[in-house]
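Okay, data_4.cif now, which holds mmCIF, C-alpha atoms and all ligand atoms:
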```
data_structure
#
loop_
_atom_site.group_PDB
_atom_site.id
_atom_site.type_symbol
_atom_site.label_atom_id
_atom_site.label_comp_id
_atom_site.auth_asym_id
_atom_site.auth_seq_id
_atom_site.Cartn_x
_atom_site.Cartn_y
_atom_site.Cartn_z
ATOM 1 C CA ALA H 1 -38.576 -128.219 265.769
ATOM 2 C CA LYS H 2 -38.470 -126.381 262.482
ATOM 3 C CA LYS H 3 -42.016 -127.396 261.712
ATOM 4 C CA ASN H 4 -43.160 -126.212 265.130
ATOM 5 C CA GLY H 5 -41.375 -122.964 264.566
ATOM 6 C CA ARG H 6 -43.050 -122.530 261.237
ATOM 7 C CA ASN H 7 -46.461 -123.366 262.629
ATOM 8 C CA LYS H 8 -45.932 -120.903 265.385
ATOM 9 C CA TYR H 9 -45.025 -118.278 262.835
ATOM 10 C CA VAL H 10 -48.128 -118.968 260.776
ATOM 11 C CA PHE H 11 -50.268 -118.922 263.882
ATOM 12 C CA PHE H 12 -48.776 -115.635 265.042
ATOM 13 C CA HIS H 13 -49.195 -114.147 261.585
ATOM 14 C CA GLN H 14 -52.869 -115.059 261.416
ATOM 15 C CA THR H 15 -53.743 -113.664 264.821
ATOM 16 C CA LEU H 16 -51.858 -110.486 264.046
ATOM 17 C CA TYR H 17 -53.817 -110.201 260.814
ATOM 18 C CA GLU H 18 -57.078 -110.884 262.610
ATOM 19 C CA SER H 19 -56.326 -108.427 265.371
ATOM 20 C CA ARG H 20 -55.533 -105.792 262.747
ATOM 21 C CA LEU H 21 -58.842 -106.448 261.059
ATOM 22 C CA LYS H 22 -60.620 -106.214 264.403
ATOM 23 C CA ARG H 23 -58.921 -102.930 265.097
ATOM 24 C CA ILE H 24 -59.935 -101.506 261.737
ATOM 25 C CA GLU H 25 -63.499 -102.652 262.366
ATOM 26 C CA LEU H 26 -63.474 -101.176 265.857
ATOM 27 C CA GLU H 27 -62.111 -97.902 264.498
ATOM 28 C CA GLY H 28 -65.049 -97.661 262.079
ATOM 29 C CA ASP H 29 -67.470 -98.448 264.897
ATOM 30 C CA LEU H 30 -65.884 -95.835 267.143
ATOM 31 C CA ARG H 31 -66.031 -93.255 264.355
ATOM 32 C CA ARG H 32 -69.778 -93.899 264.008
ATOM 33 C CA ALA H 33 -70.272 -93.880 267.779
ATOM 34 C CA VAL H 34 -68.559 -90.490 268.048
ATOM 35 C CA ALA H 35 -70.539 -89.077 265.100
ATOM 36 C CA ASN H 36 -73.815 -90.306 266.641
ATOM 37 C CA SER H 37 -72.867 -89.176 270.189
ATOM 38 C CA GLU H 38 -73.164 -92.730 271.489
ATOM 39 C CA LEU H 39 -70.400 -92.334 274.047
ATOM 40 C CA GLN H 40 -71.540 -91.659 277.560
ATOM 41 C CA LEU H 41 -70.125 -90.494 280.829
ATOM 42 C CA HIS H 42 -70.360 -92.137 284.200
ATOM 43 C CA TYR H 43 -69.625 -90.285 287.420
ATOM 44 C CA GLN H 44 -67.521 -91.459 290.330
ATOM 45 C CA PRO H 45 -68.034 -89.548 293.592
ATOM 46 C CA GLN H 46 -65.117 -88.031 295.487
ATOM 47 C CA VAL H 47 -65.428 -87.663 299.237
ATOM 48 C CA ASN H 48 -63.951 -85.480 301.956
ATOM 49 C CA VAL H 49 -62.719 -88.369 304.111
ATOM 50 C CA GLN H 50 -62.478 -86.166 307.208
ATOM 51 C CA THR H 51 -66.082 -84.906 307.138
ATOM 52 C CA GLY H 52 -67.838 -87.523 305.012
ATOM 53 C CA GLU H 53 -69.183 -84.923 302.607
ATOM 54 C CA LEU H 54 -69.244 -85.169 298.839
ATOM 55 C CA SER H 55 -66.300 -83.132 297.517
ATOM 56 C CA GLY H 56 -66.444 -83.715 293.763
ATOM 57 C CA ALA H 57 -66.852 -86.265 290.998
ATOM 58 C CA GLU H 58 -64.869 -87.626 288.080
ATOM 59 C CA ALA H 59 -66.480 -88.105 284.665
ATOM 60 C CA LEU H 60 -65.367 -91.351 282.981
ATOM 61 C CA ALA H 61 -66.115 -92.279 279.376
ATOM 62 C CA ARG H 62 -68.272 -95.310 278.581
ATOM 63 C CA TRP H 63 -68.919 -96.990 275.241
ATOM 64 C CA HIS H 64 -71.607 -99.568 274.881
ATOM 65 C CA HIS H 65 -70.826 -101.336 271.618
ATOM 66 C CA PRO H 66 -73.926 -102.819 269.908
ATOM 67 C CA LYS H 67 -72.240 -106.250 269.497
ATOM 68 C CA LEU H 68 -69.300 -106.303 271.904
ATOM 69 C CA GLY H 69 -71.040 -104.753 274.901
ATOM 70 C CA GLU H 70 -68.995 -102.484 277.161
ATOM 71 C CA VAL H 71 -65.628 -101.573 275.650
ATOM 72 C CA SER H 72 -63.143 -100.274 278.218
ATOM 73 C CA PRO H 73 -61.827 -96.726 277.861
ATOM 74 C CA GLN H 74 -58.393 -98.315 278.309
ATOM 75 C CA ASP H 75 -58.998 -99.825 274.855
ATOM 76 C CA PHE H 76 -60.935 -97.149 272.980
ATOM 77 C CA ILE H 77 -59.125 -94.031 274.271
ATOM 78 C CA PRO H 78 -55.732 -95.203 272.884
ATOM 79 C CA LEU H 79 -57.496 -96.114 269.620
ATOM 80 C CA ALA H 80 -59.056 -92.644 269.532
ATOM 81 C CA GLU H 81 -55.638 -91.094 270.212
ATOM 82 C CA ASP H 82 -53.989 -93.042 267.382
ATOM 83 C CA THR H 83 -56.669 -92.125 264.860
ATOM 84 C CA GLY H 84 -57.267 -88.479 265.707
ATOM 85 C CA LEU H 85 -60.796 -89.331 266.843
ATOM 86 C CA ILE H 86 -59.829 -88.139 270.311
ATOM 87 C CA ILE H 87 -60.515 -84.530 269.232
ATOM 88 C CA PRO H 88 -64.223 -84.870 268.304
ATOM 89 C CA LEU H 89 -64.658 -87.524 271.019
ATOM 90 C CA GLY H 90 -63.009 -85.327 273.662
ATOM 91 C CA ASN H 91 -64.975 -82.249 272.593
ATOM 92 C CA GLY H 92 -68.191 -84.253 272.851
ATOM 93 C CA LEU H 93 -67.281 -85.304 276.389
ATOM 94 C CA ILE H 94 -66.471 -81.734 277.461
ATOM 95 C CA TYR H 95 -69.948 -80.773 276.241
ATOM 96 C CA GLU H 96 -71.472 -83.782 277.996
ATOM 97 C CA ALA H 97 -69.686 -83.077 281.288
ATOM 98 C CA CYS H 98 -70.858 -79.448 281.312
ATOM 99 C CA ARG H 99 -74.391 -80.526 280.437
ATOM 100 C CA SER H 100 -74.353 -83.038 283.311
ATOM 101 C CA GLN H 101 -72.957 -80.543 285.789
ATOM 102 C CA ARG H 102 -75.872 -78.234 284.896
ATOM 103 C CA GLN H 103 -78.263 -81.163 285.395
ATOM 104 C CA PHE H 104 -76.711 -81.983 288.805
ATOM 105 C CA LEU H 105 -77.126 -78.359 289.938
ATOM 106 C CA ASP H 106 -80.719 -78.328 288.685
ATOM 107 C CA TRP H 107 -81.278 -81.507 290.725
ATOM 108 C CA ASN H 108 -80.038 -79.540 293.745
ATOM 109 C CA LEU H 109 -77.016 -81.731 294.295
ATOM 110 C CA PRO H 110 -74.199 -79.996 296.200
ATOM 111 C CA PRO H 111 -72.221 -77.685 293.869
ATOM 112 C CA VAL H 112 -68.953 -79.651 293.733
ATOM 113 C CA PRO H 113 -66.440 -79.731 290.877
ATOM 114 C CA LEU H 114 -66.766 -82.298 288.101
ATOM 115 C CA SER H 115 -63.445 -83.442 286.622
ATOM 116 C CA VAL H 116 -63.116 -84.194 282.917
ATOM 117 C CA ASN H 117 -60.295 -86.419 281.663
ATOM 118 C CA VAL H 118 -58.423 -85.065 278.670
ATOM 119 C CA SER H 119 -55.660 -86.613 276.645
ATOM 120 C CA VAL H 120 -52.384 -84.742 276.113
ATOM 121 C CA ILE H 121 -53.167 -84.828 272.381
ATOM 122 C CA GLN H 122 -56.171 -82.583 273.020
ATOM 123 C CA LEU H 123 -53.840 -80.114 274.739
ATOM 124 C CA MET H 124 -51.641 -79.791 271.642
ATOM 125 C CA ASP H 125 -54.330 -77.578 270.095
ATOM 126 C CA GLU H 126 -55.413 -74.392 271.833
ATOM 127 C CA ARG H 127 -58.915 -74.671 270.452
ATOM 128 C CA ILE H 128 -59.704 -76.842 273.475
ATOM 129 C CA VAL H 129 -59.698 -73.635 275.558
ATOM 130 C CA ASP H 130 -62.715 -72.448 273.567
ATOM 131 C CA GLU H 131 -64.442 -75.794 274.054
ATOM 132 C CA PHE H 132 -64.277 -75.224 277.798
ATOM 133 C CA ARG H 133 -65.192 -71.546 277.565
ATOM 134 C CA THR H 134 -68.143 -72.104 275.212
ATOM 135 C CA ASN H 135 -69.653 -74.979 277.158
ATOM 136 C CA LEU H 136 -69.248 -73.263 280.528
ATOM 137 C CA ALA H 137 -71.164 -70.300 279.094
ATOM 138 C CA ARG H 138 -73.733 -72.464 277.308
ATOM 139 C CA PHE H 139 -74.682 -74.199 280.561
ATOM 140 C CA HIS H 140 -74.255 -71.126 282.805
ATOM 141 C CA LEU H 141 -71.585 -72.773 284.905
ATOM 142 C CA ASP H 142 -69.156 -71.142 287.275
ATOM 143 C CA PRO H 143 -65.735 -72.239 285.890
ATOM 144 C CA SER H 144 -64.715 -73.450 289.353
ATOM 145 C CA LEU H 145 -67.209 -76.309 288.890
ATOM 146 C CA ILE H 146 -65.309 -77.964 286.029
ATOM 147 C CA TRP H 147 -61.815 -79.367 286.494
ATOM 148 C CA LEU H 148 -59.500 -80.821 283.873
ATOM 149 C CA GLU H 149 -57.563 -84.048 284.496
ATOM 150 C CA VAL H 150 -54.509 -85.049 282.502
ATOM 151 C CA THR H 151 -51.889 -87.714 283.175
ATOM 152 C CA GLU H 152 -48.357 -86.675 283.911
ATOM 153 C CA SER H 153 -47.002 -88.563 280.891
ATOM 154 C CA ILE H 154 -46.169 -85.338 279.090
ATOM 155 C CA SER H 155 -43.167 -85.723 276.827
ATOM 156 C CA ALA H 156 -40.449 -83.098 277.019
ATOM 157 C CA ALA H 157 -40.877 -82.341 273.300
ATOM 158 C CA HIS H 158 -44.398 -81.018 273.802
ATOM 159 C CA PHE H 159 -43.928 -79.618 277.283
ATOM 160 C CA ASP H 160 -44.147 -75.921 276.330
ATOM 161 C CA THR H 161 -47.149 -76.330 274.024
ATOM 162 C CA ILE H 162 -49.101 -78.196 276.678
ATOM 163 C CA LYS H 163 -48.022 -75.838 279.405
ATOM 164 C CA ASN H 164 -49.272 -72.822 277.408
ATOM 165 C CA CYS H 165 -52.553 -74.526 276.731
ATOM 166 C CA LEU H 166 -53.090 -75.420 280.408
ATOM 167 C CA GLU H 167 -52.212 -71.871 281.446
ATOM 168 C CA LYS H 168 -54.956 -70.528 279.158
ATOM 169 C CA ILE H 169 -57.437 -73.027 280.554
ATOM 170 C CA ARG H 170 -56.562 -71.996 284.096
ATOM 171 C CA GLN H 171 -57.030 -68.346 283.153
ATOM 172 C CA ILE H 172 -60.707 -69.024 282.507
ATOM 173 C CA GLY H 173 -60.953 -70.494 286.029
ATOM 174 C CA VAL H 174 -60.800 -74.233 285.306
ATOM 175 C CA LYS H 175 -58.518 -76.101 287.697
ATOM 176 C CA VAL H 176 -55.900 -78.493 286.393
ATOM 177 C CA SER H 177 -55.342 -81.831 288.026
ATOM 178 C CA ILE H 178 -52.462 -84.235 287.382
ATOM 179 C CA ASP H 179 -53.755 -87.794 287.141
ATOM 180 C CA ASP H 180 -51.943 -90.996 288.154
ATOM 181 C CA PHE H 181 -49.387 -88.881 289.985
ATOM 182 C CA GLY H 182 -46.244 -90.730 291.020
ATOM 183 C CA THR H 183 -46.196 -93.184 288.119
ATOM 184 C CA GLY H 184 -44.444 -90.947 285.601
ATOM 185 C CA HIS H 185 -41.192 -89.101 285.965
ATOM 186 C CA SER H 186 -42.343 -85.760 287.255
ATOM 187 C CA SER H 187 -40.092 -84.076 289.723
ATOM 188 C CA LEU H 188 -40.440 -81.255 292.165
ATOM 189 C CA SER H 189 -39.097 -78.716 289.690
ATOM 190 C CA TYR H 190 -41.585 -79.891 287.068
ATOM 191 C CA LEU H 191 -44.434 -79.176 289.449
ATOM 192 C CA LYS H 192 -43.063 -75.789 290.372
ATOM 193 C CA SER H 193 -43.054 -74.630 286.760
ATOM 194 C CA PHE H 194 -46.224 -76.389 285.711
ATOM 195 C CA PRO H 195 -49.751 -74.937 285.782
ATOM 196 C CA VAL H 196 -51.356 -77.380 288.205
ATOM 197 C CA ASP H 197 -53.769 -77.184 291.137
ATOM 198 C CA VAL H 198 -54.495 -80.789 292.096
ATOM 199 C CA LEU H 199 -52.512 -84.039 292.346
ATOM 200 C CA LYS H 200 -54.244 -87.388 292.167
ATOM 201 C CA ILE H 201 -52.121 -90.039 293.827
ATOM 202 C CA ASP H 202 -52.166 -93.121 291.637
ATOM 203 C CA ARG H 203 -54.172 -96.112 292.735
ATOM 204 C CA SER H 204 -51.136 -98.408 292.607
ATOM 205 C CA PHE H 205 -49.713 -96.751 295.748
ATOM 206 C CA ILE H 206 -52.988 -97.003 297.649
ATOM 207 C CA ASP H 207 -53.529 -100.639 296.578
ATOM 208 C CA THR H 208 -50.562 -101.940 298.532
ATOM 209 C CA ILE H 209 -50.344 -99.266 301.183
ATOM 210 C CA HIS H 210 -50.465 -101.844 303.979
ATOM 211 C CA GLU H 211 -47.893 -104.218 302.543
ATOM 212 C CA SER H 212 -45.375 -101.635 301.583
ATOM 213 C CA GLU H 213 -43.587 -99.173 303.822
ATOM 214 C CA GLU H 214 -42.052 -97.751 300.657
ATOM 215 C CA ASN H 215 -45.489 -96.853 299.333
ATOM 216 C CA GLN H 216 -46.403 -95.309 302.659
ATOM 217 C CA ALA H 217 -43.262 -93.198 302.460
ATOM 218 C CA ILE H 218 -43.998 -92.187 298.871
ATOM 219 C CA VAL H 219 -47.586 -91.197 299.606
ATOM 220 C CA ARG H 220 -46.540 -89.270 302.713
ATOM 221 C CA SER H 221 -43.873 -87.361 300.832
ATOM 222 C CA ILE H 222 -46.194 -86.560 297.907
ATOM 223 C CA PHE H 223 -48.675 -85.227 300.444
ATOM 224 C CA GLU H 224 -46.040 -83.143 302.263
ATOM 225 C CA MET H 225 -44.669 -81.746 299.028
ATOM 226 C CA ALA H 226 -48.166 -80.895 297.778
ATOM 227 C CA LYS H 227 -48.865 -79.049 301.023
ATOM 228 C CA GLY H 228 -45.712 -76.994 300.554
ATOM 229 C CA LEU H 229 -46.769 -76.128 297.004
ATOM 230 C CA LYS H 230 -50.373 -75.464 298.132
ATOM 231 C CA LEU H 231 -51.786 -78.154 295.884
ATOM 232 C CA THR H 232 -54.883 -80.213 296.604
ATOM 233 C CA VAL H 233 -54.317 -83.965 296.880
ATOM 234 C CA ILE H 234 -56.815 -86.698 296.029
ATOM 235 C CA ALA H 235 -56.107 -90.336 296.911
ATOM 236 C CA GLU H 236 -57.402 -92.619 294.164
ATOM 237 C CA GLY H 237 -58.495 -96.233 294.297
ATOM 238 C CA ILE H 238 -59.584 -96.519 297.927
ATOM 239 C CA GLU H 239 -61.238 -99.937 298.140
ATOM 240 C CA THR H 240 -61.073 -101.021 301.778
ATOM 241 C CA SER H 241 -61.830 -99.523 305.172
ATOM 242 C CA ALA H 242 -58.189 -100.197 306.152
ATOM 243 C CA GLN H 243 -56.956 -98.064 303.254
ATOM 244 C CA LEU H 244 -59.448 -95.359 304.172
ATOM 245 C CA ALA H 245 -58.329 -95.460 307.812
ATOM 246 C CA TRP H 246 -54.706 -94.977 306.770
ATOM 247 C CA ILE H 247 -55.564 -92.023 304.495
ATOM 248 C CA ARG H 248 -57.577 -90.411 307.297
ATOM 249 C CA HIS H 249 -54.872 -91.008 309.851
ATOM 250 C CA GLU H 250 -52.369 -89.226 307.589
ATOM 251 C CA GLN H 251 -54.702 -86.203 307.655
ATOM 252 C CA MET H 252 -55.348 -86.384 303.952
ATOM 253 C CA ILE H 253 -58.674 -84.896 302.925
ATOM 254 C CA TYR H 254 -59.920 -86.121 299.556
ATOM 255 C CA GLY H 255 -60.498 -89.680 298.405
ATOM 256 C CA GLN H 256 -62.089 -91.624 295.597
ATOM 257 C CA GLY H 257 -62.566 -95.331 294.992
ATOM 258 C CA TYR H 258 -64.812 -98.381 295.009
ATOM 259 C CA TYR H 259 -65.042 -98.184 298.816
ATOM 260 C CA PHE H 260 -67.358 -95.196 298.283
ATOM 261 C CA SER H 261 -68.755 -96.054 294.878
ATOM 262 C CA ARG H 262 -68.011 -97.279 291.391
ATOM 263 C CA PRO H 263 -68.618 -94.814 288.550
ATOM 264 C CA LEU H 264 -72.405 -94.397 288.192
ATOM 265 C CA SER H 265 -74.858 -93.267 285.539
ATOM 266 C CA ALA H 266 -76.177 -89.723 286.089
ATOM 267 C CA GLU H 267 -79.408 -90.995 287.701
ATOM 268 C CA ASN H 268 -77.617 -93.464 289.976
ATOM 269 C CA TYR H 269 -75.118 -90.783 290.917
ATOM 270 C CA ARG H 270 -77.999 -88.490 291.899
ATOM 271 C CA ASP H 271 -79.543 -91.226 294.070
ATOM 272 C CA TYR H 272 -76.184 -91.983 295.662
ATOM 273 C CA VAL H 273 -75.492 -88.337 296.448
ATOM 274 C CA HIS H 274 -78.931 -87.948 298.003
ATOM 275 C CA HIS H 275 -77.721 -90.305 300.735
ATOM 276 C CA ASN H 276 -75.609 -87.352 301.817
ATOM 277 C CA HIS H 277 -72.991 -88.951 304.082
ATOM 278 C CA PHE H 278 -70.430 -91.358 302.784
ATOM 279 C CA LEU H 279 -68.141 -92.603 305.535
HETATM 280 P P1 LIG H 301 -58.224 -92.853 285.334
HETATM 281 O O1 LIG H 301 -58.497 -91.490 284.828
HETATM 282 O O2 LIG H 301 -57.056 -93.047 286.222
HETATM 283 O O3 LIG H 301 -59.582 -93.316 285.996
HETATM 284 C C1 LIG H 301 -59.667 -94.151 287.111
HETATM 285 C C2 LIG H 301 -59.998 -95.563 286.693
HETATM 286 O O4 LIG H 301 -59.932 -96.408 287.837
HETATM 287 C C3 LIG H 301 -61.424 -95.710 286.165
HETATM 288 O O5 LIG H 301 -61.409 -96.777 285.231
HETATM 289 C C4 LIG H 301 -62.198 -96.097 287.421
HETATM 290 O O6 LIG H 301 -63.394 -96.784 287.144
HETATM 291 C C5 LIG H 301 -61.191 -96.982 288.099
HETATM 292 N N1 LIG H 301 -61.352 -96.995 289.551
HETATM 293 C C6 LIG H 301 -61.881 -96.049 290.355
HETATM 294 N N2 LIG H 301 -61.846 -96.415 291.643
HETATM 295 C C7 LIG H 301 -61.267 -97.633 291.684
HETATM 296 C C8 LIG H 301 -60.943 -98.549 292.738
HETATM 297 O O7 LIG H 301 -61.187 -98.312 293.915
HETATM 298 N N3 LIG H 301 -60.327 -99.699 292.378
HETATM 299 C C9 LIG H 301 -60.048 -100.021 291.097
HETATM 300 N N4 LIG H 301 -59.469 -101.174 290.836
HETATM 301 N N5 LIG H 301 -60.341 -99.183 290.060
HETATM 302 C C10 LIG H 301 -60.947 -98.000 290.358
HETATM 303 P P2 LIG H 301 -62.044 -96.615 283.786
HETATM 304 O O8 LIG H 301 -63.328 -95.846 283.870
HETATM 305 O O9 LIG H 301 -62.061 -97.960 283.175
HETATM 306 O O10 LIG H 301 -61.020 -95.679 283.024
HETATM 307 C C11 LIG H 301 -59.746 -96.128 282.718
HETATM 308 C C12 LIG H 301 -58.891 -95.024 282.159
HETATM 309 O O11 LIG H 301 -59.366 -94.622 280.870
HETATM 310 C C13 LIG H 301 -58.907 -93.758 283.005
HETATM 311 O O12 LIG H 301 -58.035 -93.883 284.095
HETATM 312 C C14 LIG H 301 -58.443 -92.739 281.984
HETATM 313 O O13 LIG H 301 -57.045 -92.778 281.838
HETATM 314 C C15 LIG H 301 -59.097 -93.242 280.711
HETATM 315 N N6 LIG H 301 -60.340 -92.498 280.494
HETATM 316 C C16 LIG H 301 -61.580 -92.737 280.981
HETATM 317 N N7 LIG H 301 -62.457 -91.808 280.557
HETATM 318 C C17 LIG H 301 -61.738 -90.938 279.789
HETATM 319 C C18 LIG H 301 -62.075 -89.737 279.074
HETATM 320 O O14 LIG H 301 -63.219 -89.254 279.070
HETATM 321 N N8 LIG H 301 -61.056 -89.125 278.391
HETATM 322 C C19 LIG H 301 -59.775 -89.615 278.397
HETATM 323 N N9 LIG H 301 -58.829 -88.947 277.701
HETATM 324 N N10 LIG H 301 -59.436 -90.719 279.074
HETATM 325 C C20 LIG H 301 -60.403 -91.375 279.760
HETATM 326 CA CA CA H 302 -58.669 -89.563 285.719
HETATM 327 CA CA CA H 303 -56.104 -91.905 287.866
HETATM 328 CA CA CA H 304 -55.113 -94.299 285.142
#
```
With the file now loaded, output its structure as structure tokens.
Amino acid sequence: AKKNGRNKYVFFHQTLYESRLKRIELEGDLRRAVANSELQLHYQPQVNVQTGELSGAEALARWHHPKLGEVSPQDFIPLAEDTGLIIPLGNGLIYEACRSQRQFLDWNLPPVPLSVNVSVIQLMDERIVDEFRTNLARFHLDPSLIWLEVTESISAAHFDTIKNCLEKIRQIGVKVSIDDFGTGHSSLSYLKSFPVDVLKIDRSFIDTIHESEENQAIVRSIFEMAKGLKLTVIAEGIETSAQLAWIRHEQMIYGQGYYFSRPLSAENYRDYVHHNHFL
């Protein structure tokens, strides 16, 4: 038993060592990718589920690693956050999103908002306000055409800093959307005092909407509360026609998910949008 235990320990130790090495390697690769602007954005359409019209899009980061292939943002965003790379990376994506929105307008796509994901770490520094302002001006964009998305996992310690930063961003006309809503610990009072325009109901509630009366109750009450606070609601992760039917029946308006489309390259997004009707 002792020997097994020891072997286990050695085994664990080696993999930990290897995974650390991998992480250090990946960090170097990410640093180069950011410096060479190798990160890209893909665009996932958002649809008015009552009318079938395009209502917006979300920009999602993509990294094609020369050896590893596609690395998920769920892996490289946390790495970027831990290493401070999130600042240059995030600034590059704000630029890229504004550039794409200009391209979409020049392609005569409907003028709908494009949402950019930002990390709370980016909101600890007010210079992000200038990143938005500068790029909106650079690409001659009406500020209503760029939205900011941030998850609700905002720690109490940084609450005021982030709140101030979001207020300044809203003052330039950029709407603020709370991502993955319902998974954190936000309460009604938090929303009342927080600079927010849009709630995105987390995919986990939509996933099991048919198996779980609890989830139905949660989604309904988020929707009711949002109405009272005059917030826009977007249902995320719609994959099936049954989920869509439920969302429509509840009189919700905005949806996003694989049922409509996966995130697409700019050219594929253009072709998709040219189809015009999405229900
Ligand atoms: P998120 O912001 O909640 O983005 C939604 C994720 O769900 C995306 O994964 C999207 O591809 C996926 N998704 C959309 N519809 C469906 C669906 O119907 N079913 C399922 N199963 N999944 C769906 P992705 O692109 O891998 O991004 C993962 C997360 O990485 C994002 O979650 C976001 O937290 C983060 N992320 C992505 N891009 C950025 C970025 O530019 N900046 C920052 N800070 N974070 C980003
Ligand atoms: Ca998001
Ligand atoms: Ca989300
Ligand atoms: Ca998420």
Q: Find the residue from H:Arg20, H:Lys200, H:Arg138, H:His158 that sits nearest to ligand CA 303 (chain H); use all atoms listed in the file when measuring.
A: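 Counting all atoms listed in the file, the residue closest to ligand CA 303 (chain H) is H:Lys200.
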Q. Which residues, written as a PyMOL selection string, have at least one atom at most 6 Å from stretch 160-177 of chain H, with only C-alpha atoms counted and residues fewer than 2 positions away on the same chain left out?
A. chain H and resi 123-124+126+129+143-144+146-149+158+195-199
Q.
Using all atoms listed in the file, which residues have at least one atom no more than 9 Å from ligand CA 304 (chain H)? Output them as an NGL selection string.
A. :H and (74 or 151 or 179-180 or 202-203)
Quick one: apply the PyMOL selection byres (((chain H and resi 61-70) around 8) and not hetatm) to the file and drop the selected residues here as a CSV table (one decimal) with C-alpha atoms, in the coordinates of the input.
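New file selection06.csv:
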```csv
chain,number,residue,atom,x,y,z
H,38,GLU,CA,-73.2,-92.7,271.5
H,39,LEU,CA,-70.4,-92.3,274.0
H,40,GLN,CA,-71.5,-91.7,277.6
H,41,LEU,CA,-70.1,-90.5,280.8
H,42,HIS,CA,-70.4,-92.1,284.2
H,59,ALA,CA,-66.5,-88.1,284.7
H,60,LEU,CA,-65.4,-91.4,283.0
H,71,VAL,CA,-65.6,-101.6,275.6
H,72,SER,CA,-63.1,-100.3,278.2
H,73,PRO,CA,-61.8,-96.7,277.9
H,93,LEU,CA,-67.3,-85.3,276.4
```
Q: Apply the PyMOL selection byres (((chain H and resi 91) around 10) and not hetatm) to the structure shown and report the selected residues as a ChimeraX atom specification.
A: /H:86-90,92-97,118,122,127-128,131-132,135
Q. Need the neighbours of (-75.0, -82.0, 296.3): which residues are at most 10 Å away, counting only C-alpha atoms, as JSON, numbers by chain?
A. {"H": [53, 54, 55, 56, 104, 105, 107, 108, 109, 110, 111, 112, 270, 273, 274, 275, 276]}
Please work out which residues fall within 12 Å of (-59.0, -85.0, 312.2), coordinates as given in the file, with all atoms listed in the file counting, and return them as a PDB file with C-alpha atoms, keeping the file's coordinate frame.
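The new file part-v8.pdb reads:
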```pdb
ATOM      1  CA  ASN H  48     -63.951 -85.480 301.956  1.00  0.00           C
ATOM      2  CA  VAL H  49     -62.719 -88.369 304.111  1.00  0.00           C
ATOM      3  CA  GLN H  50     -62.478 -86.166 307.208  1.00  0.00           C
ATOM      4  CA  THR H  51     -66.082 -84.906 307.138  1.00  0.00           C
ATOM      5  CA  GLY H  52     -67.838 -87.523 305.012  1.00  0.00           C
ATOM      6  CA  ALA H 245     -58.329 -95.460 307.812  1.00  0.00           C
ATOM      7  CA  ILE H 247     -55.564 -92.023 304.495  1.00  0.00           C
ATOM      8  CA  ARG H 248     -57.577 -90.411 307.297  1.00  0.00           C
ATOM      9  CA  HIS H 249     -54.872 -91.008 309.851  1.00  0.00           C
ATOM     10  CA  GLU H 250     -52.369 -89.226 307.589  1.00  0.00           C
ATOM     11  CA  GLN H 251     -54.702 -86.203 307.655  1.00  0.00           C
ATOM     12  CA  MET H 252     -55.348 -86.384 303.952  1.00  0.00           C
ATOM     13  CA  ILE H 253     -58.674 -84.896 302.925  1.00  0.00           C
TER      14      ILE H 253
END
```
Q: Give me, please, the distance in Å between atom O4 of ligand LIG 301 (chain H) and atom CA of H:Gly237, quoted to one decimal.
A: 6.6 Å
